[in-house]
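Novice: Quick one: structure below, then a few questions.
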Amino acid sequence: MIESLIDACLGLSRLDVLVSGKIVDVYSGNVFDGFVGVKDGLVAYVGRKPKPANKTMNFPSKYVLPAYIDGHIHIESSLMTPSMFARAVIPHGTCCVIADPHEIANVMGLDGIRFMIEDAERTPLKFYFMIPSSVPSTNLETSGAEISLKEIEILKKFKQILGLGEVMNYKGVINKDRSILDKIKMCREMIIDGHAPGLRGDELCMYVSAGIGSDHEVASFDEAKEKLMLGMWVMIREGSTAKAISSLINVVSKGCPERVMLVTDDRHAGDILHEGHLDYCLRRAVEEGLDPIDAVRMVTIKPAEYFGLKNLGGLSPGKSADIVIVDDLKEFRAEAVFINGKLVAENGRYLGAEAKAKK
Ligand SMILES: [Zn+2]
């Protein structure tokens with residue numbers, strides 16, 4: 001694999017695809033007229049000169065970006081299955097989502113999560129999942145199923161599982177409640193997402209000390225600053241229900257973009273159809289005055305860094321060729337979307353192939 005990338009870069013073999021346009025470099029924040037070369041589904045070349053390729057696609061006045069990653073979403077809120085959700089969001093430039101299947105888990109438990117993982121495998125969209133930490137969310141609830149230590153042990157073995165989903169029982173953490181602390185300990189070496197609206201001061205320190213690394217429930221500038229100061233990542237969500245960009249965008253524009261990302265949390269089918277997915281978040285962030293390259297970083301390299309997805313998030317040789325071509329950095333209308341170097345959407349139309357459902 002490395003050899004074939006090196007050969008293609010040397011010009012000894014032809015690239016599969018060469019894309020030209022205004023290349024957006026999310027690492028240093030530059031935009032330049034250049035080329036991205038794809039070989040075997042990976043980026044093989046990024047530079048200012050063309051290279052021999054089997055197929056050349058020129059987008060002279062358009063922008064070439066890494067495709068987008070949604071760091072926190074509940075697919076069930078879209079009322080679609082993962083494979084249908086993929087068809088809806090790929091044409092908007094999304095290549096990857098990190099989903100917390102706690103809604104289906106509350107009804108069907110492990111079987112429901114297994115269904116989500118299997119159905120997700122049928123599409124080109126990259127799906128990762130967090131293990132629901134709070135099913136049921138309190139002991140006052142009568143849920144259809146429970147995700148206990150036994151289920152967590154099983155789920156940890158799936159390659160699509162990145163860690164423990166939003167720990168909403170923050171009172172339990174602070175009060176050293178065994179049931180939640182045991183789950184956290186079991187996922188200690190993985191990512192642990194938070195959910196702690198308004199938690200501040202000593203209680204926040206206790207919560208962070210459990211290894212909880214992010215929060216998407218932050219509501220104010222001061223709360224965001226305090227959480228960032230303690231080393232957490234802040235997920236600014238702009239979905240169908242909660243909308244936090246207008247109140248939190250200052251966190252980024254005032255010089256603290258390093259550990260902040262844009263996520264949707266919940267996105268209804270009609271809103272995806274009419275307004276979009278992460279392209280809508282980008283549009284909203286830029287409308288609120290955020291630098292467009294900073295906004296793009298918050299849906300590409302930032303979630304890739306936080307979740308340790310080494311091969312995603314930027315146009316860099318060796319990484320997955322997940323690319324979106326947009327008309328401008330204001331509306332972010334996606335003209336073409338590539339996942340693993342394959343054209344999967346064009347002008348809003350989904351072109352991806354799907355595997356058949358398992359019986
Ligand atoms: Zn959530």
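Lettering and numbering for the structure tokens are positional, with chains as A, B, ... in the shown order, residues counted from 1 in each chain, and ligands counted from 1 in the shown order.
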DSSP on the backbone, strand (DSSP E) only: what residues of region 187-265 of chain A does that give? Format it as a list in words.
Specialist: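 DSSP-assigned strand (DSSP E) residues in region 187-265 of chain A: Ile191, Ile192, Asp193, Gly194, Ser214, Asp215, Trp233, Val234, Met235, Ile236, Arg237, Val260, Met261, Leu262 and Val263 of chain A.
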Novice: Return as a ChimeraX atom specification every polymer residue, whether protein, DNA or RNA, with at least one atom no more than 9 Å from an atom of ligand 1; count only C-alpha atoms and all ligand atoms.
Specialist: /A:72-74,99-100,102,165-166,195,216-217,264-266
Novice: To one decimal place in Å, what is the distance between CA of Ile69 (chain A) and CA of Val208 (chain A)?
Specialist: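 Result for CA of Ile69 (chain A) versus CA of Val208 (chain A): 24.4 Å, one decimal.
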Novice: Can you list, as a ChimeraX atom specification, every protein, DNA or RNA residue that comes within 9 Å of Phe307 (chain A) when you count only C-alpha atoms, leaving out same-chain residues fewer than 5 positions away?
Specialist: /A:71,98,162,191,302
Novice: Got a sec: who's within 12 Å of Ala353 (chain A), counting only C-alpha atoms, leaving out chain neighbours fewer than 4 positions off, as a JSON list (two decimals) with all heavy atoms, in the first residue's frame?
Specialist:
```json
[["chain", "number", "residue", "atom", "x", "y", "z"],
["A", 83, "SER", "N", -28.45, 3.17, 7.27],
["A", 83, "SER", "CA", -28.18, 3.17, 5.82],
["A", 83, "SER", "C", -28.99, 4.24, 5.09],
["A", 83, "SER", "O", -28.51, 4.86, 4.13],
["A", 83, "SER", "CB", -28.42, 1.78, 5.22],
["A", 83, "SER", "OG", -29.70, 1.32, 5.55],
["A", 86, "ALA", "N", -27.39, 7.59, 5.89],
["A", 86, "ALA", "CA", -26.18, 7.80, 5.08],
["A", 86, "ALA", "C", -26.54, 8.39, 3.72],
["A", 86, "ALA", "O", -25.90, 9.33, 3.25],
["A", 86, "ALA", "CB", -25.44, 6.47, 4.90],
["A", 87, "ARG", "N", -27.58, 7.86, 3.09],
["A", 87, "ARG", "CA", -28.02, 8.38, 1.78],
["A", 87, "ARG", "C", -28.39, 9.85, 1.88],
["A", 87, "ARG", "O", -28.21, 10.62, 0.93],
["A", 87, "ARG", "CB", -29.27, 7.64, 1.30],
["A", 87, "ARG", "CG", -29.09, 6.21, 0.94],
["A", 87, "ARG", "CD", -30.44, 5.63, 0.52],
["A", 87, "ARG", "NE", -30.78, 6.09, -0.81],
["A", 87, "ARG", "CZ", -30.64, 5.36, -1.91],
["A", 87, "ARG", "NH1", -30.20, 4.12, -1.81],
["A", 87, "ARG", "NH2", -30.95, 5.83, -3.09],
["A", 121, "GLU", "N", -22.95, -0.86, 8.21],
["A", 121, "GLU", "CA", -21.91, -1.47, 7.37],
["A", 121, "GLU", "C", -22.28, -1.50, 5.90],
["A", 121, "GLU", "O", -21.43, -1.73, 5.04],
["A", 121, "GLU", "CB", -21.64, -2.92, 7.83],
["A", 121, "GLU", "CG", -20.85, -3.02, 9.10],
["A", 121, "GLU", "CD", -19.41, -2.56, 8.90],
["A", 121, "GLU", "OE1", -18.65, -3.30, 8.29],
["A", 121, "GLU", "OE2", -19.08, -1.44, 9.36],
["A", 122, "ARG", "N", -23.56, -1.30, 5.58],
["A", 122, "ARG", "CA", -24.02, -1.45, 4.19],
["A", 122, "ARG", "C", -23.68, -0.24, 3.33],
["A", 122, "ARG", "O", -23.89, -0.27, 2.13],
["A", 122, "ARG", "CB", -25.53, -1.67, 4.19],
["A", 122, "ARG", "CG", -25.96, -2.94, 4.91],
["A", 122, "ARG", "CD", -27.45, -2.98, 5.10],
["A", 122, "ARG", "NE", -28.12, -2.87, 3.82],
["A", 122, "ARG", "CZ", -29.35, -2.38, 3.65],
["A", 122, "ARG", "NH1", -30.02, -1.96, 4.69],
["A", 122, "ARG", "NH2", -29.86, -2.31, 2.45],
["A", 123, "THR", "N", -23.26, 0.85, 3.93],
["A", 123, "THR", "CA", -23.10, 2.09, 3.16],
["A", 123, "THR", "C", -21.65, 2.59, 3.17],
["A", 123, "THR", "O", -20.86, 2.17, 4.01],
["A", 123, "THR", "CB", -23.97, 3.22, 3.74],
["A", 123, "THR", "OG1", -23.21, 3.91, 4.73],
["A", 123, "THR", "CG2", -25.24, 2.69, 4.38],
["A", 124, "PRO", "N", -21.34, 3.51, 2.25],
["A", 124, "PRO", "CA", -19.98, 4.07, 2.26],
["A", 124, "PRO", "C", -19.72, 5.02, 3.44],
["A", 124, "PRO", "O", -18.56, 5.31, 3.73],
["A", 124, "PRO", "CB", -19.89, 4.85, 0.94],
["A", 124, "PRO", "CG", -21.17, 4.64, 0.22],
["A", 124, "PRO", "CD", -22.14, 3.99, 1.12],
["A", 125, "LEU", "N", -20.77, 5.51, 4.10],
["A", 125, "LEU", "CA", -20.55, 6.43, 5.23],
["A", 125, "LEU", "C", -19.83, 5.69, 6.35],
["A", 125, "LEU", "O", -20.16, 4.55, 6.66],
["A", 125, "LEU", "CB", -21.90, 6.97, 5.75],
["A", 125, "LEU", "CG", -21.80, 8.11, 6.76],
["A", 125, "LEU", "CD1", -21.41, 9.42, 6.08],
["A", 125, "LEU", "CD2", -23.12, 8.31, 7.50],
["A", 339, "ILE", "N", -15.79, 9.41, -1.02],
["A", 339, "ILE", "CA", -15.42, 8.66, 0.19],
["A", 339, "ILE", "C", -14.52, 7.52, -0.25],
["A", 339, "ILE", "O", -14.84, 6.80, -1.21],
["A", 339, "ILE", "CB", -16.66, 8.15, 0.96],
["A", 339, "ILE", "CG1", -17.49, 9.34, 1.47],
["A", 339, "ILE", "CG2", -16.24, 7.25, 2.13],
["A", 339, "ILE", "CD1", -18.72, 8.97, 2.28],
["A", 342, "LYS", "N", -13.85, 7.32, -3.96],
["A", 342, "LYS", "CA", -14.96, 7.05, -4.90],
["A", 342, "LYS", "C", -15.97, 8.19, -4.85],
["A", 342, "LYS", "O", -16.32, 8.68, -3.77],
["A", 342, "LYS", "CB", -15.68, 5.76, -4.50],
["A", 342, "LYS", "CG", -14.88, 4.52, -4.78],
["A", 342, "LYS", "CD", -15.81, 3.33, -5.01],
["A", 342, "LYS", "CE", -15.03, 2.13, -5.51],
["A", 342, "LYS", "NZ", -14.07, 1.64, -4.52],
["A", 343, "LEU", "N", -16.46, 8.58, -6.03],
["A", 343, "LEU", "CA", -17.48, 9.61, -6.11],
["A", 343, "LEU", "C", -18.79, 9.03, -5.57],
["A", 343, "LEU", "O", -19.33, 8.10, -6.16],
["A", 343, "LEU", "CB", -17.64, 10.06, -7.57],
["A", 343, "LEU", "CG", -18.53, 11.26, -7.82],
["A", 343, "LEU", "CD1", -17.95, 12.52, -7.21],
["A", 343, "LEU", "CD2", -18.76, 11.45, -9.32],
["A", 344, "VAL", "N", -19.29, 9.56, -4.45],
["A", 344, "VAL", "CA", -20.50, 8.99, -3.83],
["A", 344, "VAL", "C", -21.69, 9.94, -3.88],
["A", 344, "VAL", "O", -22.82, 9.55, -3.56],
["A", 344, "VAL", "CB", -20.25, 8.55, -2.37],
["A", 344, "VAL", "CG1", -19.48, 7.24, -2.32],
["A", 344, "VAL", "CG2", -19.54, 9.62, -1.56],
["A", 345, "ALA", "N", -21.45, 11.20, -4.30],
["A", 345, "ALA", "CA", -22.58, 12.13, -4.48],
["A", 345, "ALA", "C", -22.14, 13.24, -5.41],
["A", 345, "ALA", "O", -20.98, 13.65, -5.42],
["A", 345, "ALA", "CB", -23.02, 12.72, -3.14]]
```
Novice: Mind checking which residues fall within 10 Å of Gly93 (chain A), counting only C-alpha atoms, ignoring those fewer than 5 positions away in the same chain, and posting them as a ChimeraX atom specification?
Specialist: /A:65-69,276-279,322-326,332-339,344-346,348
Novice: Hey, what does DSSP flag as helix (DSSP H, G or I) within region 286-325 of chain A? Can you give it to me as a list in words?
Specialist: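 Residues of region 286-325 of chain A classed as helix (DSSP H, G or I): Val286, Glu287, Pro292, Ile293, Asp294, Ala295, Val296, Arg297, Ile301, Lys302, Pro303, Ala304, Glu305, Tyr306 and Phe307 of chain A.
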Novice: Would you save the residues from that selection as a compact mmCIF listing (two decimals), in the first residue's frame, using C-alpha atoms?
Specialist:
```
# COMPACT_ATOMS: atom_id res chain seq x y z
CA VAL A 286 -19.88 31.54 9.21
CA GLU A 287 -23.12 33.58 9.42
CA PRO A 292 -14.67 29.74 7.51
CA ILE A 293 -11.44 27.77 7.78
CA ASP A 294 -11.83 27.56 11.58
CA ALA A 295 -15.40 26.37 11.02
CA VAL A 296 -14.21 23.66 8.59
CA ARG A 297 -11.56 22.53 11.08
CA ILE A 301 -9.47 17.66 11.87
CA LYS A 302 -10.85 18.49 15.34
CA PRO A 303 -13.24 15.53 15.69
CA ALA A 304 -10.61 13.28 14.04
CA GLU A 305 -8.09 14.35 16.70
CA TYR A 306 -10.46 13.94 19.62
CA PHE A 307 -11.63 10.47 18.58
```
Novice: Env of Glu3 (chain A): 12 Å cut, atoms = only C-alpha atoms, seq-sep filter 4 positions within chain, self excluded. Answer as a list in words.
Specialist: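 My reading of the contact set: Asp7, Ala8, Cys9, Leu10, Leu12, Ser13, Lys39, Asp40, Ala44 and Gly318 of chain A.
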Novice: Using only C-alpha atoms, can you tell me which of A:Asp16, A:Pro52, A:Ser77, A:Lys225 comes closest to Val252 (chain A)?
Specialist: A:Lys225
Novice: Counting only C-alpha atoms, figure out which residue out of A:Leu329, A:Ile131, A:Leu228, A:Ile236 gets nearest to Ile192 (chain A).
Specialist: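 Of A:Leu329, A:Ile131, A:Leu228, A:Ile236, the one nearest Ile192 (chain A) is A:Ile131, counting only C-alpha atoms.
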Novice: Pick out the residues sitting within 9 Å of Pro50 (chain A), and hand them over as a ChimeraX atom specification; count only C-alpha atoms, and ignore anything fewer than 6 positions along from it in its own chain.
Specialist: /A:18,20,34-37
Novice: Taking a cut-off of 6 Å and counting only C-alpha atoms, can you build a table that, for each residue of region 102-121 of chain A near region 140-159 of chain A, reports the nearest atom pair and how far apart they are in Å (one decimal), sorted by chain then residue number, as a Markdown table?
Specialist:
```
| residue | atom | partner | partner_atom | distance |
| --- | --- | --- | --- | --- |
| A:Asn106 | CA | A:Ser143 | CA | 5.5 |
| A:Val107 | CA | A:Gly144 | CA | 4.5 |
| A:Met108 | CA | A:Ala145 | CA | 5.8 |
| A:Gly109 | CA | A:Ala145 | CA | 4.8 |
```
Novice: Dump C-alpha atoms for the selected residues as a short mmCIF file (atom, residue, chain, number, x, y, z; two decimals), in the first residue's frame?
Specialist:
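Contents of selection_7.cif, as written:
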```cif
data_model
loop_
_atom_site.label_atom_id
_atom_site.label_comp_id
_atom_site.auth_asym_id
_atom_site.auth_seq_id
_atom_site.Cartn_x
_atom_site.Cartn_y
_atom_site.Cartn_z
CA ASN A 106 -33.49 1.94 25.61
CA VAL A 107 -36.03 -0.08 23.63
CA MET A 108 -34.09 -3.12 22.37
CA GLY A 109 -30.80 -3.20 24.27
#
```
Novice: What separation in Å, quoted to one decimal, exists between CA of Glu189 (chain A) and CA of Val173 (chain A)?
Specialist: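 Here the two named atoms are 17.6 Å from each other.
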Novice: Which distance in Å separates CA of Arg349 (chain A) and CA of Cys95 (chain A), to one decimal?
Specialist: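 Rounded to one decimal, the two atoms are 14.8 Å apart.
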